[in-house]
>>> print(open('coords-v1.cif').read())   # mmCIF, C-alpha atoms
data_upload
#
loop_
_atom_site.label_atom_id
_atom_site.label_comp_id
_atom_site.auth_asym_id
_atom_site.auth_seq_id
_atom_site.Cartn_x
_atom_site.Cartn_y
_atom_site.Cartn_z
CA MET F 1 -0.91 -15.35 3.04
CA ALA F 2 -3.96 -13.58 1.53
CA LEU F 3 -1.89 -11.96 -1.24
CA GLY F 4 -0.13 -15.15 -2.33
CA ARG F 5 -2.54 -15.60 -5.23
CA HIS F 6 -3.22 -11.92 -5.89
CA SER F 7 -1.75 -11.76 -9.39
CA ASP F 8 -1.90 -7.97 -9.73
CA PHE F 9 -0.10 -7.41 -6.43
CA ASN F 10 2.51 -10.02 -7.33
CA ARG F 11 3.21 -8.19 -10.59
CA LEU F 12 3.60 -4.91 -8.70
CA TRP F 13 5.80 -6.61 -6.10
CA PHE F 14 8.03 -8.16 -8.78
CA GLY F 15 8.46 -4.85 -10.59
CA GLN F 16 9.25 -2.98 -7.40
CA THR F 17 11.71 -5.63 -6.25
CA VAL F 18 13.69 -5.35 -9.49
CA SER F 19 13.48 -1.55 -9.40
CA ASN F 20 14.73 -1.43 -5.78
CA PHE F 21 17.87 -3.32 -6.74
CA GLY F 22 18.42 -0.93 -9.63
CA ASP F 23 18.07 2.07 -7.31
CA LYS F 24 21.01 0.81 -5.23
CA ILE F 25 23.16 0.65 -8.35
CA SER F 26 22.57 4.30 -9.22
CA LEU F 27 22.86 5.35 -5.59
CA LEU F 28 26.49 4.25 -5.79
CA ALA F 29 27.15 4.69 -9.52
CA LEU F 30 26.14 8.36 -9.88
CA PRO F 31 28.51 9.62 -7.13
CA THR F 32 31.22 7.27 -8.45
CA LEU F 33 30.81 8.73 -11.92
CA ALA F 34 30.97 12.25 -10.48
CA VAL F 35 34.16 11.58 -8.49
CA VAL F 36 36.11 9.08 -10.62
CA VAL F 37 35.19 10.13 -14.16
CA LEU F 38 34.31 13.82 -13.77
CA ASP F 39 36.84 14.63 -11.01
CA GLY F 40 34.16 15.89 -8.62
CA GLY F 41 34.51 16.22 -4.87
CA ALA F 42 32.48 16.42 -1.67
CA PHE F 43 30.42 19.36 -2.94
CA GLU F 44 29.32 17.55 -6.09
CA VAL F 45 28.45 14.40 -4.16
CA GLY F 46 26.53 16.53 -1.65
CA VAL F 47 24.48 18.12 -4.45
CA LEU F 48 23.63 14.68 -5.82
CA GLY F 49 22.50 13.62 -2.33
CA ALA F 50 20.35 16.74 -1.95
CA LEU F 51 18.66 16.04 -5.26
CA ARG F 52 17.32 12.79 -3.75
CA PHE F 53 15.47 14.61 -0.94
CA LEU F 54 14.52 18.03 -2.32
CA PRO F 55 11.92 16.82 -4.87
CA PHE F 56 9.95 15.10 -2.09
CA LEU F 57 10.17 18.18 0.09
CA LEU F 58 9.06 20.56 -2.68
CA LEU F 59 6.86 18.48 -5.00
CA ALA F 60 5.15 15.79 -2.89
CA PRO F 61 1.98 17.87 -2.24
CA ILE F 62 1.65 18.58 -5.98
CA ALA F 63 2.27 14.91 -6.75
CA GLY F 64 -0.50 14.08 -4.30
CA LEU F 65 -2.92 16.42 -6.05
CA VAL F 66 -2.09 14.81 -9.40
CA ALA F 67 -2.55 11.33 -7.90
CA ASP F 68 -6.06 12.26 -6.75
CA ARG F 69 -7.05 13.77 -10.09
CA VAL F 70 -5.77 11.27 -12.68
CA SER F 71 -5.07 7.55 -12.89
CA ARG F 72 -2.40 6.65 -10.33
CA ARG F 73 -1.29 3.68 -12.39
CA THR F 74 -0.80 5.98 -15.39
CA VAL F 75 1.33 8.37 -13.29
CA MET F 76 3.50 5.42 -12.22
CA ILE F 77 3.91 4.20 -15.81
CA VAL F 78 4.90 7.68 -17.03
CA ALA F 79 7.35 8.04 -14.11
CA ASP F 80 8.99 4.69 -14.89
CA LEU F 81 9.28 5.56 -18.58
CA GLY F 82 10.77 8.96 -17.73
CA ARG F 83 13.32 7.47 -15.34
CA PHE F 84 14.31 4.85 -17.92
CA LEU F 85 14.89 7.53 -20.56
CA ALA F 86 16.67 9.95 -18.21
CA LEU F 87 19.12 7.39 -16.85
CA GLY F 88 19.64 5.97 -20.32
CA THR F 89 21.16 9.26 -21.48
CA ILE F 90 24.15 8.77 -19.13
CA PRO F 91 25.73 5.72 -20.83
CA LEU F 92 24.85 7.20 -24.23
CA ALA F 93 26.64 10.46 -23.41
CA PHE F 94 29.56 8.51 -21.94
CA ALA F 95 29.89 6.50 -25.16
CA LEU F 96 29.96 9.79 -27.10
CA ASP F 97 32.51 11.21 -24.63
CA SER F 98 30.16 14.09 -23.78
CA VAL F 99 28.99 13.33 -20.25
CA SER F 100 29.33 16.32 -17.88
CA MET F 101 28.60 17.18 -14.26
CA THR F 102 25.68 19.36 -15.37
CA HIS F 103 24.24 16.41 -17.26
CA VAL F 104 24.57 14.20 -14.16
CA TYR F 105 22.84 16.86 -12.03
CA VAL F 106 19.96 17.14 -14.50
CA VAL F 107 19.48 13.37 -14.62
CA ALA F 108 19.58 13.12 -10.83
CA GLY F 109 17.07 15.97 -10.51
CA VAL F 110 14.69 14.61 -13.15
CA THR F 111 14.90 11.12 -11.65
CA GLY F 112 14.22 12.53 -8.17
CA CYS F 113 11.15 14.44 -9.38
CA LEU F 114 9.72 11.43 -11.20
CA THR F 115 10.40 9.22 -8.18
CA THR F 116 8.38 11.64 -6.04
CA PHE F 117 5.37 11.32 -8.34
CA PHE F 118 5.79 7.54 -8.53
CA GLU F 119 6.02 7.01 -4.76
CA VAL F 120 3.04 9.21 -3.92
CA SER F 121 0.88 7.51 -6.56
CA TYR F 122 2.07 4.05 -5.50
CA GLN F 123 1.27 4.63 -1.82
CA SER F 124 -2.12 6.05 -2.81
CA TRP F 125 -2.94 3.19 -5.20
CA LEU F 126 -1.96 0.22 -3.03
CA PRO F 127 -5.03 0.31 -0.71
CA GLN F 128 -7.35 0.25 -3.71
CA LEU F 129 -5.36 -2.51 -5.41
CA ILE F 130 -5.29 -4.98 -2.50
CA GLY F 131 -7.88 -3.71 0.01
CA THR F 132 -7.15 -2.22 3.42
CA GLU F 133 -7.40 -5.60 5.13
CA ASN F 134 -4.25 -6.73 3.25
CA LEU F 135 -2.17 -3.58 3.70
CA ILE F 136 0.14 -4.85 6.44
CA GLU F 137 0.96 -7.99 4.44
CA GLY F 138 1.45 -5.97 1.25
CA ASN F 139 3.62 -3.31 2.84
CA THR F 140 5.61 -6.02 4.66
CA LYS F 141 6.43 -7.81 1.41
CA LEU F 142 7.40 -4.55 -0.29
CA GLN F 143 9.53 -3.57 2.74
CA ILE F 144 11.30 -6.94 2.61
CA SER F 145 12.18 -6.28 -1.03
CA ARG F 146 13.58 -2.88 -0.12
CA SER F 147 15.53 -4.37 2.78
CA VAL F 148 17.03 -7.15 0.69
CA ALA F 149 17.98 -4.56 -1.93
CA GLU F 150 19.70 -2.53 0.81
CA ALA F 151 21.61 -5.58 2.01
CA VAL F 152 22.57 -7.01 -1.37
CA GLY F 153 22.11 -4.22 -3.89
CA ALA F 154 25.01 -2.03 -2.81
CA GLY F 155 27.47 -4.93 -3.04
CA ALA F 156 26.09 -6.03 -6.38
CA GLY F 157 26.21 -2.44 -7.59
CA GLY F 158 29.84 -2.13 -6.54
CA ALA F 159 30.72 -5.29 -8.45
CA LEU F 160 28.91 -4.06 -11.55
CA ILE F 161 30.68 -0.72 -11.38
CA GLN F 162 34.00 -2.52 -11.00
CA VAL F 163 33.35 -4.70 -14.05
CA LEU F 164 31.40 -2.36 -16.33
CA GLY F 165 32.31 1.12 -15.11
CA ALA F 166 29.95 3.60 -13.45
CA ALA F 167 28.29 4.90 -16.63
CA ARG F 168 27.54 1.44 -18.04
CA ALA F 169 26.33 0.19 -14.67
CA ILE F 170 23.68 2.93 -14.71
CA THR F 171 22.29 1.21 -17.82
CA MET F 172 21.28 -1.68 -15.56
CA ASP F 173 19.30 0.65 -13.31
CA ALA F 174 17.61 2.19 -16.34
CA PHE F 175 16.42 -1.24 -17.47
CA THR F 176 15.03 -2.06 -14.01
CA PHE F 177 12.59 0.82 -14.49
CA LEU F 178 11.61 -0.72 -17.81
CA VAL F 179 10.87 -4.00 -15.97
CA SER F 180 8.72 -2.07 -13.46
CA LEU F 181 6.92 -0.34 -16.33
CA VAL F 182 6.07 -3.66 -18.02
CA ALA F 183 4.85 -5.08 -14.70
CA LEU F 184 2.48 -2.12 -14.34
CA LEU F 185 1.24 -2.47 -17.91
CA VAL F 186 0.14 -6.08 -17.34
CA ILE F 187 -1.73 -5.31 -14.11
CA ARG F 188 -5.44 -5.72 -14.86
CA HIS F 189 -6.80 -3.56 -12.03
CA ARG F 190 -7.80 -0.01 -12.96
CA ASP F 191 -8.41 3.00 -10.73
CA VAL F 192 -11.94 3.44 -9.44
CA ARG F 193 -12.90 7.10 -9.36
CA GLU F 194 -15.74 8.00 -7.01
CA ARG F 195 -15.75 11.77 -7.39
CA THR F 196 -17.42 13.69 -10.21
CA GLU F 197 -18.42 17.23 -9.28
CA GLU F 198 -15.64 17.56 -6.73
CA LYS F 199 -13.06 17.12 -9.47
CA LYS F 200 -13.98 20.58 -10.70
CA ALA F 201 -12.70 22.19 -7.50
CA SER F 202 -9.58 24.31 -7.78
CA ALA F 203 -6.18 22.85 -6.99
CA LYS F 204 -5.91 25.15 -3.98
CA ALA F 205 -9.26 23.99 -2.60
CA GLU F 206 -8.34 20.34 -3.08
CA LEU F 207 -4.99 20.78 -1.36
CA LYS F 208 -6.77 22.42 1.57
CA GLU F 209 -9.22 19.52 1.69
CA GLY F 210 -6.34 17.07 1.96
CA LEU F 211 -4.72 19.09 4.75
CA ARG F 212 -8.03 19.25 6.63
CA THR F 213 -8.26 15.48 6.46
CA LEU F 214 -4.63 15.02 7.56
CA PHE F 215 -4.82 17.37 10.53
CA GLY F 216 -8.53 17.04 11.29
CA THR F 217 -8.58 13.25 11.70
CA PRO F 218 -7.18 12.32 15.14
CA VAL F 219 -5.52 9.09 14.00
CA LEU F 220 -3.88 10.71 10.97
CA ARG F 221 -2.80 13.73 12.98
CA GLY F 222 -1.24 11.50 15.62
CA LEU F 223 0.57 9.36 13.04
CA PHE F 224 1.82 12.44 11.21
CA THR F 225 3.23 14.05 14.36
CA ALA F 226 4.90 10.86 15.56
CA ASN F 227 6.35 10.00 12.15
CA VAL F 228 7.87 13.44 11.62
CA VAL F 229 9.44 13.56 15.10
CA VAL F 230 10.70 9.95 14.95
CA ASN F 231 12.27 10.53 11.53
CA LEU F 232 13.84 13.76 12.77
CA GLY F 233 15.47 11.94 15.69
CA ALA F 234 16.49 8.91 13.62
CA ALA F 235 18.14 11.11 10.98
CA MET F 236 20.06 12.92 13.72
CA GLY F 237 21.22 9.56 15.07
CA ASP F 238 22.19 8.21 11.65
CA ALA F 239 24.23 11.32 10.92
CA LEU F 240 26.32 10.68 14.06
CA LEU F 241 26.50 6.88 14.02
CA ILE F 242 29.15 6.46 11.33
CA VAL F 243 31.26 9.30 12.71
CA TYR F 244 31.09 7.73 16.19
CA ALA F 245 32.13 4.34 14.80
CA TYR F 246 35.19 5.75 13.08
CA LYS F 247 36.35 8.51 15.41
CA THR F 248 35.42 7.17 18.85
CA LEU F 249 35.48 3.41 18.41
CA HIS F 250 38.29 3.62 15.80
CA LEU F 251 36.75 0.86 13.71
CA SER F 252 37.94 -0.01 10.22
CA PRO F 253 35.74 0.46 7.14
CA GLY F 254 35.37 -3.31 7.00
CA GLN F 255 34.06 -3.45 10.58
CA VAL F 256 31.65 -0.57 9.98
CA GLY F 257 30.42 -2.27 6.83
CA ALA F 258 29.91 -5.51 8.75
CA ALA F 259 27.90 -3.72 11.45
CA PHE F 260 25.63 -2.16 8.85
CA ALA F 261 25.30 -5.50 7.05
CA VAL F 262 24.09 -7.05 10.32
CA MET F 263 21.59 -4.21 10.68
CA SER F 264 20.34 -4.88 7.14
CA VAL F 265 19.74 -8.54 8.00
CA PHE F 266 17.76 -7.58 11.09
CA VAL F 267 15.74 -5.07 9.04
CA ILE F 268 14.58 -8.03 6.97
CA VAL F 269 13.83 -10.06 10.11
CA GLY F 270 11.89 -7.14 11.60
CA ALA F 271 9.87 -6.71 8.43
CA VAL F 272 9.02 -10.42 8.29
CA LEU F 273 7.88 -10.48 11.92
CA SER F 274 6.12 -7.11 11.96
CA GLU F 275 2.60 -8.49 11.53
CA GLN F 276 3.09 -11.19 14.18
CA VAL F 277 4.48 -8.68 16.69
CA ALA F 278 1.48 -6.37 16.15
CA LYS F 279 -0.90 -9.28 16.73
CA VAL F 280 0.77 -10.05 20.06
CA LEU F 281 1.20 -6.47 21.30
CA THR F 282 -1.66 -4.75 19.38
CA LEU F 283 -0.97 -2.30 16.58
CA GLY F 284 -0.96 0.86 18.71
CA ARG F 285 1.39 -0.54 21.34
CA THR F 286 3.72 -1.84 18.64
CA LEU F 287 4.09 1.67 17.20
CA VAL F 288 4.82 3.23 20.59
CA LEU F 289 7.27 0.52 21.66
CA THR F 290 9.20 0.30 18.38
CA ALA F 291 9.77 4.07 18.39
CA ALA F 292 10.88 3.94 22.02
CA VAL F 293 13.27 1.03 21.40
CA LEU F 294 14.65 2.75 18.29
CA GLY F 295 15.42 5.87 20.32
CA ALA F 296 16.94 3.80 23.13
CA GLY F 297 19.19 2.16 20.54
CA TYR F 298 20.81 5.49 19.64
CA ILE F 299 21.24 6.34 23.32
CA LEU F 300 22.89 2.95 23.97
CA VAL F 301 25.35 3.16 21.06
CA PRO F 302 28.06 4.75 23.28
CA THR F 303 27.37 2.24 26.08
CA GLY F 304 27.56 -0.73 23.72
CA GLY F 305 30.70 0.65 22.15
CA ALA F 306 32.36 1.32 25.51
CA LEU F 307 31.53 -2.13 26.89
CA ALA F 308 32.18 -4.29 23.86
CA GLY F 309 33.46 -2.06 21.06
CA PHE F 310 32.76 -3.61 17.67
CA VAL F 311 30.51 -6.34 19.11
CA GLY F 312 28.53 -3.77 21.09
CA LEU F 313 27.95 -1.70 17.98
CA ILE F 314 26.72 -4.78 16.13
CA VAL F 315 24.23 -5.60 18.91
CA VAL F 316 22.85 -2.06 18.95
CA GLN F 317 22.65 -1.97 15.14
CA ALA F 318 20.73 -5.25 15.19
CA VAL F 319 18.18 -3.77 17.61
CA ILE F 320 17.81 -0.60 15.53
CA GLY F 321 17.44 -2.65 12.36
CA PHE F 322 14.84 -4.93 13.94
CA VAL F 323 12.40 -2.23 15.10
CA SER F 324 12.76 0.33 12.28
CA PRO F 325 10.78 -1.55 9.61
CA MET F 326 8.03 -2.43 12.09
CA PHE F 327 7.39 1.24 12.80
CA ASP F 328 7.52 2.18 9.12
CA ILE F 329 5.28 -0.66 7.92
CA HIS F 330 2.55 -0.07 10.48
CA VAL F 331 2.54 3.74 10.14
CA LEU F 332 2.19 3.49 6.35
CA SER F 333 -0.44 0.74 6.53
CA LEU F 334 -2.53 2.61 9.08
CA VAL F 335 -2.38 5.87 7.10
CA GLN F 336 -3.48 4.00 3.98
CA GLY F 337 -6.18 2.18 5.91
CA VAL F 338 -7.92 5.19 7.46
CA THR F 339 -7.53 7.79 4.69
CA PRO F 340 -10.45 8.22 2.25
CA ASN F 341 -9.31 6.78 -1.08
CA GLU F 342 -10.17 9.90 -3.06
CA GLN F 343 -7.88 11.97 -0.81
CA MET F 344 -5.06 9.45 -0.43
CA GLY F 345 -2.72 11.25 -2.83
CA ARG F 346 -3.00 14.63 -1.16
CA VAL F 347 -2.72 13.22 2.36
CA SER F 348 0.26 11.06 1.39
CA GLY F 349 1.95 13.87 -0.53
CA SER F 350 1.64 16.39 2.30
CA ALA F 351 2.89 13.84 4.83
CA LEU F 352 5.84 12.76 2.68
CA SER F 353 6.89 16.38 2.18
CA ALA F 354 7.06 16.91 5.95
CA VAL F 355 8.76 13.57 6.59
CA TYR F 356 11.50 14.24 4.04
CA GLY F 357 11.85 17.75 5.41
CA ALA F 358 12.37 16.21 8.85
CA LEU F 359 15.00 13.84 7.42
CA SER F 360 16.89 16.71 5.80
CA LEU F 361 16.72 18.82 8.97
CA GLY F 362 17.67 15.81 11.10
CA TYR F 363 20.87 15.08 9.19
CA PHE F 364 21.86 18.73 9.40
CA ALA F 365 20.94 19.03 13.10
CA GLY F 366 22.75 15.79 13.95
CA GLY F 367 25.97 17.02 12.40
CA ALA F 368 25.68 20.39 14.10
CA LEU F 369 24.96 18.77 17.48
CA GLY F 370 27.94 16.44 17.13
CA GLU F 371 30.21 19.42 16.57
CA ALA F 372 28.66 21.50 19.37
CA ILE F 373 28.17 19.03 22.25
CA GLY F 374 30.07 15.93 21.16
CA LEU F 375 29.10 12.64 19.59
CA THR F 376 27.95 10.86 22.77
CA ALA F 377 25.70 13.71 23.88
CA GLY F 378 24.47 14.19 20.32
CA LEU F 379 23.42 10.53 20.11
CA ALA F 380 21.61 10.88 23.43
CA VAL F 381 19.66 13.88 22.13
CA ALA F 382 18.84 12.03 18.90
CA GLY F 383 17.56 9.05 20.88
CA ALA F 384 15.51 11.26 23.19
CA VAL F 385 13.86 13.02 20.23
CA THR F 386 12.99 9.64 18.69
CA ILE F 387 11.47 8.38 21.95
CA VAL F 388 9.42 11.57 22.33
CA GLY F 389 8.08 10.98 18.82
CA GLY F 390 6.79 7.57 19.85
CA LEU F 391 5.35 8.86 23.11
CA THR F 392 3.29 11.49 21.27
CA LEU F 393 1.12 8.58 20.10
CA LEU F 394 -0.09 8.16 23.71
CA ALA F 395 -1.91 11.48 23.36
CA SER F 396 -3.79 10.27 20.27
CA PRO F 397 -6.25 7.43 19.56
CA VAL F 398 -3.44 5.54 17.78
CA ALA F 399 -2.07 3.98 20.97
CA GLY F 400 -5.41 2.28 21.61
CA ILE F 401 -5.82 0.68 18.18
CA LYS F 402 -5.71 -3.10 18.35
CA GLU F 403 -5.46 -3.95 14.65
CA MET F 404 -5.87 -2.59 11.16
CA PRO F 405 -9.40 -1.38 10.35
CA GLY F 406 -11.32 -3.66 7.99
CA GLY F 407 -11.58 -2.56 4.37
CA ASP F 408 -13.52 -3.12 1.21
CA ALA F 409 -12.60 -5.68 -1.37
CA PRO F 410 -9.68 -4.82 -3.62
CA GLY F 411 -10.60 -2.39 -6.33
CA GLU F 412 -13.63 -0.97 -4.54
CA GLY F 413 -11.83 1.65 -2.50
CA ALA F 414 -11.98 2.22 1.23
CA ALA F 415 -15.02 3.76 2.77
CA ALA F 416 -14.27 6.81 4.89
CA ALA F 417 -15.94 8.44 7.83
CA ASP F 418 -15.21 11.90 9.18
CA ASP F 419 -13.53 10.41 12.24
CA ARG F 420 -11.93 7.12 11.24
CA PRO F 421 -10.66 5.97 14.67
CA ASP F 422 -14.12 4.43 15.20
CA ASP F 423 -13.42 2.13 12.24
CA ALA F 424 -10.50 0.53 14.07
CA LYS F 425 -10.71 -1.84 16.98
CA VAL F 426 -9.68 0.20 20.02
CA ILE F 427 -8.73 -1.01 23.47
CA ALA F 428 -11.45 -0.12 25.94
#
>>> encode(input="coords-v1.cif", output="structure tokens")
Amino acid sequence: MALGRHSDFNRLWFGQTVSNFGDKISLLALPTLAVVVLDGGAFEVGVLGALRFLPFLLLAPIAGLVADRVSRRTVMIVADLGRFLALGTIPLAFALDSVSMTHVYVVAGVTGCLTTFFEVSYQSWLPQLIGTENLIEGNTKLQISRSVAEAVGAGAGGALIQVLGAARAITMDAFTFLVSLVALLVIRHRDVRERTEEKKASAKAELKEGLRTLFGTPVLRGLFTANVVVNLGAAMGDALLIVYAYKTLHLSPGQVGAAFAVMSVFVIVGAVLSEQVAKVLTLGRTLVLTAAVLGAGYILVPTGGALAGFVGLIVVQAVIGFVSPMFDIHVLSLVQGVTPNEQMGRVSGSALSAVYGALSLGYFAGGALGEAIGLTAGLAVAGAVTIVGGLTLLASPVAGIKEMPGGDAPGEGAAAADDRPDDAKVIA
């Protein structure tokens, strides 16, 4: 592994791994606090959920502009410090018997906004930190950390909440951001800024420049279209999956939890094998096929459930879990690999805003479809949308890319041409 001895990446990886586990604690602890301590209901929990997505939808382009104008590492440090302080006010207010629903909303909103700035800067900084030739390995390792946190973090968070209470458990999440902050502080690499005169351009002009790069570069345009449509379909499917498991298959919460645990394990397996699969199939074909298999998984949920019930659901969840991280890892790595470093923040921010918008719309549309045409038909539509998203790549240069384009050495930034598909190895 090329990054095994890359000390700066390993520090970033360690900090993000700890932070990912902390995120899972708050993901469960904040709604628990709202319901159990503050006597909230579905509306309050829904607002907390919305506050996770809305900042990305509304602020990601601005976060991208900031990431291209100032030190991305500094933005990440400030975001970690802000999240540590914001979450730390919850246990303090609880100890003073003054915690309120408004306070919880404010903390969730502030944390969501800071997370938006952190994620955009982190995605923009990684190519410069490790070099484009190491992006798949780097994103794979970071995805494995997220997947393990998904599989283990929720259970650990539940145990902490049981032992310490929701408010005190949030203290643990706050300190994970402090660990991430320290990891960033000891990273030796610093941002390399190539632009001088261009920095004087107005914010509006710079945002337009980022959009021109996103939609004017065939590979980026193809990845953007596919990613938005695939996430739209997957969100529709996810919105219906749990309802189908309970209402149609009549599974118990324990069985549903087991099925999702199996999916989490296969997410880890898929992330680990993502680079090897792309080497066998080529990068472009891997993206098309993983999206198609993901969509087919949602379509086959009713078939698997009808034929084998609980076991069928587990098999389908394993397939969905296996291909999802492969698609995500390779889309992100390819975007990072072909985007000019000085525009990475704006391109990433604009793309993330649309992707999170698609997720929000997908969850809403999935629920509405389930009510209007039934769960089985709704899952079929969700799967079809996901497959169409993958097939859109056939109309772009992405499907012909064999492997990641080569990059500069870490810390030097990626060179950029006007039409980056030529930088990648394409099937003749």
>>> residues_around(input="coords-v1.cif", residues="region 357-365 of chain F", least_positions_apart="4", cutoff="6 Å", atoms="only C-alpha atoms", output="PyMOL selection string")
chain F and resi 57+228+231-232+235-236+239+369
>>> resolve_selection(input="coords-v1.cif", expression="the PyMOL selection byres ((chain F and resi 183) around 9)", output="PyMOL selection string")
chain F and resi 8+11-16+178-182+184-187
>>> atom_distance(input="coords-v1.cif", atom1="CA of Leu287 (chain F)", atom2="CA of Val398 (chain F)")
8.5 Å
>>> resolve_selection(input="coords-v1.cif", expression="the PyMOL selection byres ((chain F and resi 60-75) around 10)", output="MDAnalysis selection string")
chainID F and resid 54:59 76:81 113:126 181 184:185 187 189:193 195 198:200 203:204 206:207 210:211 341:354 356
>>> atom_distance(input="coords-v1.cif", atom1="CA of Val331 (chain F)", atom2="CA of Asn227 (chain F)")
7.6 Å
>>> atom_distance(input="coords-v1.cif", atom1="CA of Ala372 (chain F)", atom2="CA of Ala291 (chain F)")
25.7 Å
>>> residues_around(input="coords-v1.cif", residues="Leu273 (chain F)", least_positions_apart="2", cutoff="10 Å", atoms="all atoms listed in the file", output="VMD selection string")
chain F and resid 140 267 to 271 275 to 278 322 to 323 325 to 326
>>> resolve_selection(input="coords-v1.cif", expression="the PyMOL selection byres ((chain F and resi 310) around 9)", output="list of chain:residue names")
F:Ala245, F:Leu249, F:Leu251, F:Gln255, F:Val256, F:Ala259, F:Gly304, F:Gly305, F:Ala308, F:Gly309, F:Val311, F:Gly312, F:Leu313, F:Ile314, F:Val315
>>> axis_aligned_box(input="coords-v1.cif", around="region 96-108 of chain F", padding_each_side="8 Å", output="lines of an AutoDock Vina configuration file")
center_x = 26.0
center_y = 14.6
center_z = -19.0
size_x = 29.0
size_y = 25.6
size_z = 32.3
>>> residues_around(input="coords-v1.cif", residues="His330 (chain F)", least_positions_apart="2", cutoff="8 Å", atoms="all atoms listed in the file", output="list in words")
Ile136, Leu283, Leu287, Met326, Phe327, Asp328, Leu332, Ser333 and Leu334 of chain F
>>> closest_residue(input="coords-v1.cif", among="F:Gly367, F:Gly400, F:Gly257, F:Gly82", to="Thr282 (chain F)", atoms="all atoms listed in the file")
F:Gly400
>>> closest_residue(input="coords-v1.cif", among="F:Ser324, F:Ser7, F:Thr176, F:Thr286", to="Leu129 (chain F)", atoms="all atoms listed in the file")
F:Ser7
>>> closest_residue(input="coords-v1.cif", among="F:Thr248, F:Thr225, F:Thr32, F:Thr171", to="Thr392 (chain F)", atoms="all atoms listed in the file")
F:Thr225
>>> decode(input="coords-v1.cif", residues="region 204-235 of chain F", atoms="C-alpha atoms", output="tab-separated table (two decimals), in the first residue's frame")
chain	number	residue	atom	x	y	z
F	204	LYS	CA	-19.66	35.51	-8.16
F	205	ALA	CA	-17.05	35.20	-10.90
F	206	GLU	CA	-15.23	32.44	-9.05
F	207	LEU	CA	-18.44	30.49	-8.46
F	208	LYS	CA	-19.21	30.75	-12.17
F	209	GLU	CA	-15.72	29.52	-12.97
F	210	GLY	CA	-16.28	26.45	-10.82
F	211	LEU	CA	-19.62	25.74	-12.49
F	212	ARG	CA	-18.04	26.09	-15.94
F	213	THR	CA	-15.44	23.52	-14.97
F	214	LEU	CA	-18.06	21.15	-13.51
F	215	PHE	CA	-20.41	21.29	-16.49
F	216	GLY	CA	-17.87	22.08	-19.19
F	217	THR	CA	-15.58	19.10	-18.55
F	218	PRO	CA	-17.13	15.94	-20.08
F	219	VAL	CA	-15.87	13.56	-17.38
F	220	LEU	CA	-17.02	15.80	-14.53
F	221	ARG	CA	-20.36	16.47	-16.19
F	222	GLY	CA	-20.93	12.75	-16.68
F	223	LEU	CA	-19.98	11.92	-13.09
F	224	PHE	CA	-22.18	14.71	-11.75
F	225	THR	CA	-25.24	13.58	-13.71
F	226	ALA	CA	-24.80	9.93	-12.79
F	227	ASN	CA	-24.12	10.63	-9.12
F	228	VAL	CA	-27.18	12.85	-8.70
F	229	VAL	CA	-29.52	10.38	-10.43
F	230	VAL	CA	-28.08	7.33	-8.62
F	231	ASN	CA	-28.39	9.05	-5.24
F	232	LEU	CA	-31.95	10.11	-6.08
F	233	GLY	CA	-32.92	6.51	-6.84
F	234	ALA	CA	-31.03	5.04	-3.88
F	235	ALA	CA	-32.68	7.49	-1.46
